[in-house]
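The file my_file-v1.cif contains mmCIF, C-alpha atoms and all ligand atoms:
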```cif
data_data
#
loop_
_atom_site.label_atom_id
_atom_site.label_comp_id
_atom_site.auth_asym_id
_atom_site.auth_seq_id
_atom_site.Cartn_x
_atom_site.Cartn_y
_atom_site.Cartn_z
CA MET J 1 -59.57 55.85 74.39
CA ASN J 2 -61.00 52.49 75.22
CA ARG J 3 -64.24 51.72 73.38
CA ASN J 4 -65.64 48.38 74.33
CA TYR J 5 -68.60 46.28 73.34
CA PRO J 6 -71.43 46.45 74.31
CA HIS J 7 -71.20 50.10 75.39
CA THR J 8 -69.83 50.76 71.96
CA ARG J 9 -71.82 49.29 69.10
CA LEU J 10 -70.67 50.85 65.86
CA ARG J 11 -73.76 49.50 64.13
CA ARG J 12 -75.97 51.88 66.16
CA THR J 13 -75.29 54.86 63.93
CA ARG J 14 -75.76 52.74 60.82
CA ALA J 15 -79.26 51.56 61.68
CA SER J 16 -81.27 54.09 59.67
CA ASN J 17 -81.07 56.21 56.59
CA TRP J 18 -81.20 59.51 58.48
CA SER J 19 -78.47 58.41 60.85
CA ARG J 20 -76.20 57.20 58.06
CA ALA J 21 -76.69 60.57 56.36
CA MET J 22 -75.86 62.39 59.58
CA HIS J 23 -72.65 60.44 60.15
CA ARG J 24 -71.41 60.47 56.58
CA GLU J 25 -67.81 61.71 56.57
CA THR J 26 -67.29 62.35 52.87
CA ILE J 27 -69.66 64.03 50.46
CA LEU J 28 -69.46 64.17 46.70
CA THR J 29 -71.11 67.09 44.90
CA PRO J 30 -71.29 68.13 41.23
CA ALA J 31 -68.81 70.90 42.11
CA ASP J 32 -66.19 68.17 42.63
CA LEU J 33 -66.33 67.13 38.98
CA ILE J 34 -64.34 68.21 35.94
CA TRP J 35 -65.69 66.92 32.63
CA PRO J 36 -63.15 65.98 29.90
CA LEU J 37 -64.48 66.53 26.37
CA PHE J 38 -63.09 65.63 22.95
CA VAL J 39 -63.31 68.15 20.13
CA THR J 40 -63.48 67.38 16.42
CA GLU J 41 -63.75 69.45 13.22
CA GLY J 42 -67.01 70.28 11.49
CA SER J 43 -70.37 71.45 12.66
CA GLY J 44 -73.25 69.44 14.03
CA VAL J 45 -70.88 66.47 14.41
CA GLU J 46 -71.19 63.85 17.14
CA ASP J 47 -68.67 61.08 16.60
CA PRO J 48 -68.87 58.29 19.21
CA VAL J 49 -65.59 56.96 20.62
CA ALA J 50 -65.88 53.19 20.24
CA ALA J 51 -63.57 52.45 23.18
CA LEU J 52 -65.54 54.76 25.50
CA PRO J 53 -69.23 53.83 25.45
CA GLY J 54 -71.31 56.96 26.01
CA VAL J 55 -68.49 59.36 25.10
CA SER J 56 -68.30 61.25 21.79
CA ARG J 57 -66.11 63.69 19.97
CA TRP J 58 -68.11 66.86 19.35
CA SER J 59 -67.66 69.69 16.90
CA THR J 60 -67.31 73.08 18.56
CA ASP J 61 -71.06 73.79 18.52
CA GLY J 62 -71.69 70.51 20.34
CA ILE J 63 -68.90 71.33 22.79
CA ALA J 64 -70.64 74.62 23.58
CA ALA J 65 -73.88 72.69 24.18
CA CYS J 66 -72.06 70.29 26.50
CA ALA J 67 -70.66 73.27 28.39
CA LYS J 68 -74.15 74.68 28.85
CA GLN J 69 -75.29 71.30 30.11
CA ALA J 70 -72.37 71.28 32.56
CA VAL J 71 -73.41 74.68 33.91
CA SER J 72 -76.97 73.51 34.42
CA LEU J 73 -75.73 70.37 36.21
CA GLY J 74 -73.45 72.35 38.53
CA ILE J 75 -70.22 71.02 37.01
CA PRO J 76 -67.75 73.91 37.43
CA CYS J 77 -65.13 73.08 34.83
CA ILE J 78 -64.54 71.24 31.58
CA ALA J 79 -61.28 69.91 30.14
CA LEU J 80 -60.70 70.00 26.38
CA PHE J 81 -58.83 67.57 24.12
CA PRO J 82 -58.70 67.99 20.34
CA ASN J 83 -58.76 65.31 17.67
CA THR J 84 -56.57 67.19 15.21
CA PRO J 85 -57.21 66.34 11.54
CA ALA J 86 -54.45 64.16 10.07
CA GLY J 87 -53.35 66.87 7.62
CA LYS J 88 -52.60 69.26 10.46
CA ARG J 89 -50.38 66.87 12.42
CA SER J 90 -46.65 67.26 11.97
CA ASP J 91 -43.32 66.16 13.40
CA ASN J 92 -43.06 69.24 15.60
CA GLY J 93 -46.76 69.62 16.41
CA ALA J 94 -46.83 73.22 15.14
CA GLU J 95 -50.64 73.19 14.95
CA ALA J 96 -50.61 73.48 18.76
CA LEU J 97 -49.45 77.07 18.30
CA ASN J 98 -52.05 78.06 15.73
CA PRO J 99 -54.37 80.69 17.29
CA ASP J 100 -57.18 79.33 15.15
CA ASN J 101 -56.71 75.64 15.99
CA LEU J 102 -59.54 73.38 17.11
CA MET J 103 -58.77 73.92 20.78
CA CYS J 104 -58.84 77.72 20.53
CA ARG J 105 -62.08 77.67 18.55
CA ALA J 106 -63.65 75.36 21.14
CA ILE J 107 -62.58 77.69 23.95
CA LYS J 108 -64.20 80.65 22.19
CA ALA J 109 -67.38 78.71 21.42
CA ILE J 110 -67.73 77.84 25.11
CA ARG J 111 -67.07 81.41 26.18
CA ASP J 112 -69.70 82.68 23.74
CA ALA J 113 -72.23 80.17 25.06
CA CYS J 114 -71.51 80.33 28.79
CA GLY J 115 -69.59 83.51 29.55
CA GLU J 116 -67.73 83.20 32.83
CA ASP J 117 -70.13 80.59 34.21
CA ILE J 118 -67.71 77.75 33.56
CA GLY J 119 -63.99 77.12 33.92
CA ILE J 120 -62.10 75.95 30.86
CA LEU J 121 -59.11 73.69 31.45
CA THR J 122 -56.76 73.03 28.54
CA ASP J 123 -54.18 70.31 28.14
CA VAL J 124 -50.62 71.31 27.33
CA ALA J 125 -48.71 68.55 25.49
CA LEU J 126 -48.03 67.93 21.84
CA ASP J 127 -49.44 64.41 21.35
CA PRO J 128 -52.74 65.46 19.68
CA TYR J 129 -50.70 67.46 17.16
CA THR J 130 -47.69 65.25 16.34
CA THR J 131 -47.40 62.57 13.67
CA HIS J 132 -45.48 60.32 16.09
CA GLY J 133 -47.93 60.69 18.98
CA GLN J 134 -45.28 61.72 21.52
CA ASP J 135 -45.97 64.63 23.90
CA GLY J 136 -42.86 66.55 22.84
CA LEU J 137 -40.20 67.03 20.19
CA VAL J 138 -38.31 63.90 19.20
CA ASP J 139 -34.60 63.84 18.30
CA ALA J 140 -32.88 61.61 15.71
CA ALA J 141 -32.56 58.80 18.26
CA GLY J 142 -36.27 58.93 19.07
CA TYR J 143 -35.73 60.59 22.45
CA VAL J 144 -38.21 63.25 23.56
CA THR J 145 -36.01 66.24 24.29
CA ASN J 146 -36.77 68.27 27.40
CA ASP J 147 -35.73 71.89 27.08
CA ASP J 148 -36.66 72.33 23.41
CA THR J 149 -40.04 70.82 24.16
CA VAL J 150 -40.59 73.15 27.12
CA ALA J 151 -40.03 76.15 24.84
CA VAL J 152 -42.83 74.94 22.54
CA LEU J 153 -45.13 74.08 25.45
CA VAL J 154 -44.79 77.64 26.75
CA ASP J 155 -46.02 78.96 23.41
CA GLN J 156 -48.83 76.40 23.38
CA ALA J 157 -49.90 77.51 26.87
CA LEU J 158 -49.83 81.19 25.87
CA ASN J 159 -51.88 80.38 22.77
CA GLN J 160 -54.53 78.71 24.93
CA ALA J 161 -54.50 81.51 27.52
CA GLU J 162 -54.87 84.08 24.75
CA ALA J 163 -57.95 82.20 23.48
CA GLY J 164 -59.46 82.35 26.97
CA ALA J 165 -58.38 79.24 28.88
CA ASP J 166 -58.76 79.58 32.66
CA ILE J 167 -56.59 76.67 33.74
CA ILE J 168 -53.49 75.50 31.92
CA ALA J 169 -52.87 71.81 32.58
CA PRO J 170 -49.46 70.60 31.40
CA SER J 171 -49.73 66.83 30.92
CA ASP J 172 -46.35 66.36 29.25
CA MET J 173 -44.13 65.58 32.28
CA MET J 174 -41.15 67.60 31.00
CA ASP J 175 -38.87 68.94 33.76
CA GLY J 176 -39.21 72.66 34.44
CA ARG J 177 -42.29 73.33 32.35
CA VAL J 178 -44.45 74.66 35.17
CA LYS J 179 -41.93 77.36 36.03
CA ALA J 180 -41.46 78.31 32.39
CA ILE J 181 -45.23 78.54 31.80
CA ARG J 182 -45.81 80.49 35.02
CA MET J 183 -43.13 83.04 34.13
CA ALA J 184 -44.49 83.40 30.60
CA LEU J 185 -48.03 83.99 31.91
CA GLU J 186 -46.71 86.69 34.23
CA MET J 187 -44.84 88.33 31.36
CA ALA J 188 -47.96 88.15 29.19
CA ASP J 189 -49.92 89.95 31.90
CA ARG J 190 -52.12 86.95 32.63
CA PRO J 191 -51.46 86.56 36.35
CA ASN J 192 -54.83 84.95 37.10
CA VAL J 193 -54.54 82.05 34.70
CA GLN J 194 -54.21 78.96 36.88
CA ILE J 195 -51.87 76.04 36.38
CA MET J 196 -53.07 72.57 37.32
CA ALA J 197 -49.98 70.45 36.90
CA TYR J 198 -50.24 66.84 35.90
CA ALA J 199 -47.59 66.49 38.59
CA ALA J 200 -47.56 62.73 39.11
CA LYS J 201 -48.48 61.19 35.80
CA TYR J 202 -47.61 57.57 35.33
CA ALA J 203 -46.68 55.63 32.20
CA SER J 204 -49.96 53.76 32.42
CA ALA J 205 -51.74 51.05 30.47
CA PHE J 206 -55.04 52.80 31.21
CA TYR J 207 -54.73 55.56 28.57
CA GLY J 208 -55.63 53.41 25.55
CA PRO J 209 -59.19 54.64 24.90
CA PHE J 210 -58.09 58.28 25.25
CA ARG J 211 -55.43 57.79 22.59
CA GLU J 212 -58.10 56.40 20.31
CA ALA J 213 -60.31 59.40 21.05
CA VAL J 214 -57.65 61.97 20.10
CA GLY J 215 -56.31 59.81 17.29
CA SER J 216 -52.77 59.42 18.67
CA GLY J 217 -52.91 55.72 19.55
CA ASP J 218 -52.23 54.19 16.16
CA ARG J 219 -49.60 56.81 15.49
CA LEU J 220 -47.64 56.39 18.69
CA VAL J 221 -44.07 55.35 18.07
CA GLY J 222 -42.52 53.67 21.13
CA ASP J 223 -43.78 54.44 24.63
CA LYS J 224 -43.69 57.38 27.05
CA LYS J 225 -41.53 55.85 29.77
CA THR J 226 -38.68 58.38 29.47
CA TYR J 227 -40.97 61.11 30.78
CA GLN J 228 -44.05 59.58 32.42
CA MET J 229 -43.44 57.92 35.78
CA ASP J 230 -42.75 54.31 36.68
CA PRO J 231 -45.89 52.87 38.36
CA ALA J 232 -43.61 51.34 41.00
CA ASN J 233 -42.59 54.74 42.40
CA ALA J 234 -44.23 56.79 45.14
CA ASP J 235 -41.46 58.87 46.76
CA GLU J 236 -40.62 60.14 43.29
CA ALA J 237 -44.23 61.27 42.85
CA LEU J 238 -43.92 63.39 45.98
CA ALA J 239 -40.75 64.93 44.56
CA GLU J 240 -42.56 65.72 41.30
CA ILE J 241 -45.44 67.31 43.20
CA ALA J 242 -43.14 69.37 45.45
CA LEU J 243 -41.29 70.73 42.42
CA ASP J 244 -44.47 71.68 40.56
CA ILE J 245 -45.80 73.54 43.60
CA GLU J 246 -42.49 75.39 43.99
CA GLU J 247 -42.56 76.23 40.29
CA GLY J 248 -45.95 77.92 40.55
CA ALA J 249 -48.71 75.32 40.15
CA ASP J 250 -51.99 76.29 41.86
CA SER J 251 -53.10 72.68 42.07
CA VAL J 252 -51.66 69.30 41.27
CA MET J 253 -53.05 66.20 39.65
CA VAL J 254 -52.41 62.52 40.14
CA LYS J 255 -53.08 60.35 37.10
CA PRO J 256 -54.45 57.69 36.68
CA GLY J 257 -56.74 57.71 39.69
CA LEU J 258 -57.81 54.62 41.55
CA ALA J 259 -54.57 52.66 41.22
CA TYR J 260 -52.75 55.64 42.77
CA LEU J 261 -54.91 56.51 45.79
CA ASP J 262 -51.83 56.18 48.00
CA ILE J 263 -50.15 58.98 46.05
CA ILE J 264 -53.21 61.22 46.43
CA TRP J 265 -53.31 60.56 50.14
CA ARG J 266 -49.60 61.16 50.67
CA ALA J 267 -49.61 64.32 48.54
CA LYS J 268 -52.50 65.78 50.52
CA GLN J 269 -50.89 64.89 53.85
CA ALA J 270 -47.47 66.18 52.85
CA PHE J 271 -48.35 69.46 51.11
CA ASN J 272 -51.96 70.33 51.94
CA VAL J 273 -52.53 71.84 48.48
CA PRO J 274 -55.49 71.19 46.17
CA VAL J 275 -55.02 67.70 44.73
CA PHE J 276 -57.08 66.46 41.79
CA ALA J 277 -57.37 62.95 40.40
CA TYR J 278 -57.81 62.07 36.75
CA GLN J 279 -59.96 58.98 36.53
CA VAL J 280 -58.65 58.12 33.08
CA SER J 281 -60.24 56.62 30.02
CA GLY J 282 -59.31 53.01 30.82
CA GLU J 283 -60.83 53.33 34.28
CA TYR J 284 -64.07 54.64 32.79
CA ALA J 285 -64.12 51.88 30.19
CA LEU J 286 -63.58 49.22 32.85
CA ILE J 287 -66.58 50.42 34.86
CA GLU J 288 -68.76 50.45 31.75
CA ALA J 289 -67.52 47.03 30.63
CA GLY J 290 -67.91 45.60 34.13
CA ALA J 291 -71.48 46.85 34.40
CA ALA J 292 -72.29 45.53 30.92
CA ALA J 293 -70.87 42.14 31.95
CA GLY J 294 -73.12 42.04 35.00
CA VAL J 295 -70.49 42.75 37.66
CA GLY J 296 -72.77 45.25 39.36
CA ASP J 297 -75.00 48.26 38.94
CA ARG J 298 -73.19 50.84 36.81
CA ASP J 299 -74.31 53.88 38.79
CA ALA J 300 -73.35 52.30 42.10
CA LEU J 301 -69.96 51.15 40.79
CA MET J 302 -69.33 54.65 39.46
CA MET J 303 -70.32 56.51 42.62
CA GLU J 304 -68.29 54.26 44.90
CA LYS J 305 -65.15 54.89 42.89
CA LEU J 306 -65.70 58.64 42.68
CA LEU J 307 -66.27 58.81 46.42
CA ALA J 308 -62.95 57.03 47.01
CA PHE J 309 -61.11 60.00 45.51
CA LYS J 310 -62.79 62.43 47.90
CA ARG J 311 -62.07 60.15 50.85
CA ALA J 312 -58.40 60.00 49.87
CA GLY J 313 -58.20 63.80 49.98
CA CYS J 314 -59.03 65.04 46.49
CA SER J 315 -60.48 68.47 45.87
CA GLY J 316 -61.99 67.16 42.66
CA ILE J 317 -61.96 64.52 39.97
CA LEU J 318 -61.62 64.63 36.20
CA THR J 319 -64.02 61.97 34.99
CA TYR J 320 -65.88 61.05 31.83
CA HIS J 321 -68.73 60.11 34.15
CA ALA J 322 -69.12 63.74 35.25
CA PRO J 323 -72.53 64.46 33.64
CA LEU J 324 -74.00 61.13 34.73
CA ALA J 325 -72.70 61.50 38.29
CA ALA J 326 -73.84 65.14 38.50
CA ARG J 327 -77.32 64.11 37.36
CA LEU J 328 -77.52 61.44 40.05
CA LEU J 329 -76.18 63.78 42.72
CA GLY J 330 -78.62 66.49 41.78
CA ALA J 331 -81.61 64.18 41.76
C1 LIG G 1 -51.70 63.52 26.72
C2 LIG G 1 -52.71 63.01 27.66
C3 LIG G 1 -53.06 61.66 27.87
C4 LIG G 1 -54.15 61.67 28.72
C5 LIG G 1 -54.43 63.01 29.05
N1 LIG G 1 -53.51 63.83 28.40
C6 LIG G 1 -52.55 60.41 27.24
C7 LIG G 1 -51.13 60.09 27.31
O1 LIG G 1 -50.36 60.63 28.09
O2 LIG G 1 -50.73 59.27 26.48
C8 LIG G 1 -54.89 60.44 29.15
C9 LIG G 1 -56.27 60.64 29.65
C10 LIG G 1 -57.11 59.41 29.66
O3 LIG G 1 -56.65 58.28 29.43
O4 LIG G 1 -58.31 59.58 29.93
N2 LIG G 1 -50.57 64.08 27.17
#
```
Give the structure from the file, written as structure tokens.
Ligand code: PBG
Amino acid sequence: MNRNYPHTRLRRTRASNWSRAMHRETILTPADLIWPLFVTEGSGVEDPVAALPGVSRWSTDGIAACAKQAVSLGIPCIALFPNTPAGKRSDNGAEALNPDNLMCRAIKAIRDACGEDIGILTDVALDPYTTHGQDGLVDAAGYVTNDDTVAVLVDQALNQAEAGADIIAPSDMMDGRVKAIRMALEMADRPNVQIMAYAAKYASAFYGPFREAVGSGDRLVGDKKTYQMDPANADEALAEIALDIEEGADSVMVKPGLAYLDIIWRAKQAFNVPVFAYQVSGEYALIEAGAAAGVGDRDALMMEKLLAFKRAGCSGILTYHAPLAARLLGA
């Protein structure tokens, strides 16, 4: 094809609002959004997260209210993260297996409030439950062991599924955990519980505000580089994604988001499966801080970044901006 000026003027289709709308290639809708929420003990509690302006930890009644709000905004799914009380954290994170833990009570509160009108995604990893803040079990040398951890994660996943979770999202990056969870769900006669694997999760500097929100930041001993990925690697991310699909994941996630658009793009091209991005806490905080510092209009900065994920091939985006974006999109 040989398109030459002046027969071709690409500005022609950009000249009016209606024409720009007609030629728009990528569209963001509230159905593309997954809203991460932080749960805390108590009732009637809203506890703002200092590092995430506009984001709070809610007691389970507030979580149920947020879920109702999500339904009315057209947001199809929420993701839950507990801030476990200090007294319930332990070396082995046993509270993760308690059928009456904060997470399970939040799931039930949402189900009572919203029925089947919303999807509930739950995070599988031990960091909100351990005293050391690592995602798994730690041996005497401080190493997070793989196979022992997987055994616990399977029980954690079953506990969440039993409470009513729709999507199990392992964020721990242990080898083999998707297969183990999938087999356990089959055995437990829960064949329709989905797995969204945090397939390519990087050892990122952008998780700081999240760790404050769930109370694991100050506790964290060491780093997570023996299980989360090196930000320098892309081929390895594709290997991670391929394995998780083979092991029984229904969808895969790339995390963080914007700094890893190439991974999203390559994953979509290579496997043509549903790919989700997690626009993580540090990314959210940067947009808010940038807008507050006068870099640009907050809503416009937010929408441009969310759109980038769709353009790169995402089926959806986990974002703390979900309610704000949904409101703007619905307006
Ligand atoms: C825990 C987990 C983390 C996030 C989601 N699940 C933090 C971590 O791995 O340390 C980060 C999310 C965010 O920063 O918004 N396994």
> Within 10 Å of Lys88 of chain J, counting only C-alpha atoms, which residues qualify if same-chain residues fewer than 2 places away don't, as a PyMOL selection string?
Replying inline: chain J and resi 84-86+90+93-96+101+128-131
Just the selected residues (C-alpha atoms), exported as a CSV table (one decimal), keeping the file's coordinate frame, please.
```csv
chain,number,residue,atom,x,y,z
J,84,THR,CA,-56.6,67.2,15.2
J,85,PRO,CA,-57.2,66.3,11.5
J,86,ALA,CA,-54.4,64.2,10.1
J,90,SER,CA,-46.6,67.3,12.0
J,93,GLY,CA,-46.8,69.6,16.4
J,94,ALA,CA,-46.8,73.2,15.1
J,95,GLU,CA,-50.6,73.2,15.0
J,96,ALA,CA,-50.6,73.5,18.8
J,101,ASN,CA,-56.7,75.6,16.0
J,128,PRO,CA,-52.7,65.5,19.7
J,129,TYR,CA,-50.7,67.5,17.2
J,130,THR,CA,-47.7,65.2,16.3
J,131,THR,CA,-47.4,62.6,13.7
```
>> Could you list, as a PyMOL selection string, all protein and nucleic acid residues with an atom at most 10 Å from ligand LIG 1 (chain G), counting only C-alpha atoms and all ligand atoms?
In response: chain J and resi 36-37+52+79-81+122-128+133-136+169-173+198+201-214+216-217+220+223-224+227-228+255-256+278-285+318-320
> Separation of atom CA of Ile241 of chain J and atom CA of Ala267 of chain J, in Å?
Replying inline: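 Atom CA of Ala267 of chain J lies at a distance of 7.4 Å from atom CA of Ile241 of chain J.
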> From the set J:Asp218, J:Glu46, J:Asp117, J:Glu247, which residue has the shortest atom-to-atom contact distance to Gly176 of chain J, counting only C-alpha atoms?
Replying inline: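 Of the candidates, the smallest distance to Gly176 of chain J is held by J:Glu247.
Picture a line from atom CA of Asp250 of chain J to atom CA of Arg266 of chain J; it runs 17.7 Å.
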>> Just want the 12 Å neighbourhood of Asn233 of chain J, counted on all atoms listed in the file, with same-chain residues fewer than 3 positions away dropped. Output as a ChimeraX atom specification.
In response: /J:200-203,228-230,236-240,260,262-263
> So, counting all atoms listed in the file, which residue among J:Val178, J:Ile75, J:Cys66, J:Ile167 is closest to Ile120 of chain J?
Replying inline: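 Ranking J:Val178, J:Ile75, J:Cys66, J:Ile167 by distance to Ile120 of chain J, first place goes to J:Ile167.
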> What's the 9 Å shell around segment 303-310 of chain J, counting only C-alpha atoms, without same-chain residues fewer than 5 positions away, as a VMD selection string?
Replying inline: chain J and resid 26 to 28 32 257 to 258 261 264 276 to 277 279 298 315 to 317 319 325
> For Val275 of chain J, which residue out of J:Ala15, J:Ala151, J:Ala161, J:Ala199 is the nearest one, using only C-alpha atoms?
Replying inline: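 Going through J:Ala15, J:Ala151, J:Ala161, J:Ala199 one by one, the smallest distance to Val275 of chain J is for J:Ala199.
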>> Report as a list in words all protein, DNA and RNA residues lying within 12 Å of Val71 of chain J, evaluated on only C-alpha atoms, omitting residues in the same chain fewer than 3 positions from it.
In response: Pro30, Ala31, Leu33, Ile34, Trp35, Ala64, Ala65, Cys66, Ala67, Lys68, Gly74, Ile75, Pro76, Cys77, Ile78, Ile110, Ala113, Cys114, Gly115, Glu116, Asp117, Ile118, Gly119, Ile120, Ala322, Pro323, Ala326 and Arg327 of chain J
Those same residues - C-alpha atoms - I'd like them written as a compact mmCIF listing (two decimals), in the frame of the given file.
```txt
# COMPACT_ATOMS: atom_id res chain seq x y z
CA PRO J 30 -71.29 68.13 41.23
CA ALA J 31 -68.81 70.90 42.11
CA LEU J 33 -66.33 67.13 38.98
CA ILE J 34 -64.34 68.21 35.94
CA TRP J 35 -65.69 66.92 32.63
CA ALA J 64 -70.64 74.62 23.58
CA ALA J 65 -73.88 72.69 24.18
CA CYS J 66 -72.06 70.29 26.50
CA ALA J 67 -70.66 73.27 28.39
CA LYS J 68 -74.15 74.68 28.85
CA GLY J 74 -73.45 72.35 38.53
CA ILE J 75 -70.22 71.02 37.01
CA PRO J 76 -67.75 73.91 37.43
CA CYS J 77 -65.13 73.08 34.83
CA ILE J 78 -64.54 71.24 31.58
CA ILE J 110 -67.73 77.84 25.11
CA ALA J 113 -72.23 80.17 25.06
CA CYS J 114 -71.51 80.33 28.79
CA GLY J 115 -69.59 83.51 29.55
CA GLU J 116 -67.73 83.20 32.83
CA ASP J 117 -70.13 80.59 34.21
CA ILE J 118 -67.71 77.75 33.56
CA GLY J 119 -63.99 77.12 33.92
CA ILE J 120 -62.10 75.95 30.86
CA ALA J 322 -69.12 63.74 35.25
CA PRO J 323 -72.53 64.46 33.64
CA ALA J 326 -73.84 65.14 38.50
CA ARG J 327 -77.32 64.11 37.36
```
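Across J:Asn92, J:Thr29, J:Asn83, J:Thr40, the tightest approach to Gly62 of chain J is made by J:Thr40 when counting all atoms listed in the file.
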> Which residues come within 7 Å of Arg57 of chain J, counting all atoms listed in the file, excluding same-chain residues fewer than 4 positions away, as number ranges by chain?
Replying inline: J: 38-40, 46-49
>> Please compute the atom CA of Ala293 of chain J-atom CA of Gly54 of chain J distance, one decimal, in Å.
In response: 16.0 Å
